[in-house]
Amino acid sequence: MPKGAGQKLKLYYLSQIMIRKTDEDHALTMPEIIDLLQAEGVSADRKSIYDDFDALREIGLDIIGEKDGRSFNYRVGGKRFELAELMLLVDAIQSSKFITAKKSGDLIKKITDLASEYEARQLKRQVVVQGRIKTMNESIYYLVDDIHRAMVENKNITFQYLQWNLDKVMVPRKDKPYVTSPWALTWDDENYYLIGYDPEAGKIKHYRVDKMKSIELTEDKRVGKEEFEAYDMGAYAKANFGMFGKKKLTTVDIEFNNEFVGIMIDRFGKEMPIRPAEKEGWSRTHVEVFISDQFYGWIFAMGGNVKITGPKEIKDEFNAKLKNQLDE
């Protein structure tokens, strides 16, 4: 058998044919496999393909042969990613504001390459990127890479932090660069955030990665390790209603319409205490939250079905904000 350029890649072409052309609902006969290899400039006979199947199985590709009438059909069984898993990845990329429309398309294309061509069609049917609110920072990948490198090398970073002006242009928030010790990256409210320790302010702060620019690593070692290790990311995410406007963590008494119990548990978790309220069809609870305009906005959005009952200063502050909006 000749060993041309295509022949040397026979095992690769065979693996791609099986991955792209077969799945649980689609298989190939041996003559079809031979024809597809021939189209790639690779000649093959049945025996050599049987040997190649054994080699592919040894490296983890689940090649299955099934009798169908008088012939055998061949397909790939368990794949690294199931279709449902690929769909979840596509959905996550589509909904991520911090990934640009162009990068979203590039990533989704790579994901569809992990599926058979039949599964890829299903994935493409659910792709809706255009029209979504997306960041315009095409450097997001490089920013994330710089942040990871700083964390690996245990170094501080400096960067410009941008904001929109009325001319719809991103401009620096302040003249001098920001300085932080980067400790983690987190995804919250469809955006990507850097969690860092501000050595000048002496506290943990967070920054939207897509609004960062010109990251540079310094020679200074990171600080704030003890503060970050005591920083409970899970508890923070549950108690916070937005990455901005965080104030002191406060225990708040809340009463809610029983029909809203699902919303309450989704927000605060199953460990949230629930007791009957005096009003029929209502319950009460107490939860820890960071008091902010976002929290008050969430309460208002419940349309009177979730109410703050204490502490008095929190209830009064919420009522004052509502009155202030009406007066304006």
# chains A, B, ... in the order shown; residues from 1 in each chain; ligands from 1
>>> residues_around(residues="A:Ala115", least_positions_apart="4", cutoff="9 Å", atoms="only C-alpha atoms", output="short mmCIF file (atom, residue, chain, number, x, y, z; two decimals) with C-alpha atoms, in the first residue's frame")
data_model
loop_
_atom_site.label_atom_id
_atom_site.label_comp_id
_atom_site.auth_asym_id
_atom_site.auth_seq_id
_atom_site.Cartn_x
_atom_site.Cartn_y
_atom_site.Cartn_z
CA ILE A 19 -16.46 11.75 14.93
CA ARG A 20 -18.04 14.07 12.35
CA ASP A 23 -23.32 9.54 16.49
CA LYS A 79 -17.96 11.00 23.15
CA PHE A 81 -19.03 15.74 25.26
CA GLU A 82 -22.68 14.76 24.94
CA LEU A 83 -24.94 16.96 22.81
CA LEU A 86 -22.35 21.12 24.19
CA ILE A 111 -17.60 23.74 20.08
CA GLU A 119 -25.48 17.36 16.12
CA ALA A 120 -23.71 20.50 14.86
CA LEU A 123 -26.32 23.43 17.91
#
>>> select_by_dssp(residues="stretch 54-198 of chain A", states="alpha helix (DSSP H)", output="NGL selection string")
:A and (54-58 or 83-95 or 101-112 or 117-125 or 140-152)
>>> select_by_dssp(residues="stretch 155-302 of chain A", states="strand (DSSP E or B)", output="JSON, numbers by chain")
{"A": [155, 156, 157, 158, 159, 160, 161, 162, 163, 164, 170, 171, 172, 178, 179, 180, 181, 182, 183, 184, 185, 186, 187, 188, 191, 192, 193, 194, 195, 196, 197, 198, 203, 204, 205, 206, 207, 208, 212, 213, 214, 215, 216, 217, 218, 219, 220, 221, 249, 250, 251, 252, 253, 254, 255, 256, 257, 275, 276, 282, 283, 284, 285, 286, 287, 288, 289, 290]}
>>> residues_around(residues="A:Met212", least_positions_apart="5", cutoff="8 Å", atoms="only C-alpha atoms", output="PyMOL selection string")
chain A and resi 143+159-162+207
>>> write_last_selection(atoms="C-alpha atoms", output="PDB file, in the first residue's frame")
ATOM      1  CA  LEU A 143      -6.626  40.448  29.653  1.00  0.00           C
ATOM      2  CA  PHE A 159      -4.221  48.772  34.695  1.00  0.00           C
ATOM      3  CA  GLN A 160      -6.505  51.449  33.362  1.00  0.00           C
ATOM      4  CA  TYR A 161     -10.146  51.110  34.393  1.00  0.00           C
ATOM      5  CA  LEU A 162     -12.602  52.487  31.850  1.00  0.00           C
ATOM      6  CA  TYR A 207     -13.357  45.059  38.648  1.00  0.00           C
TER       7      TYR A 207
END
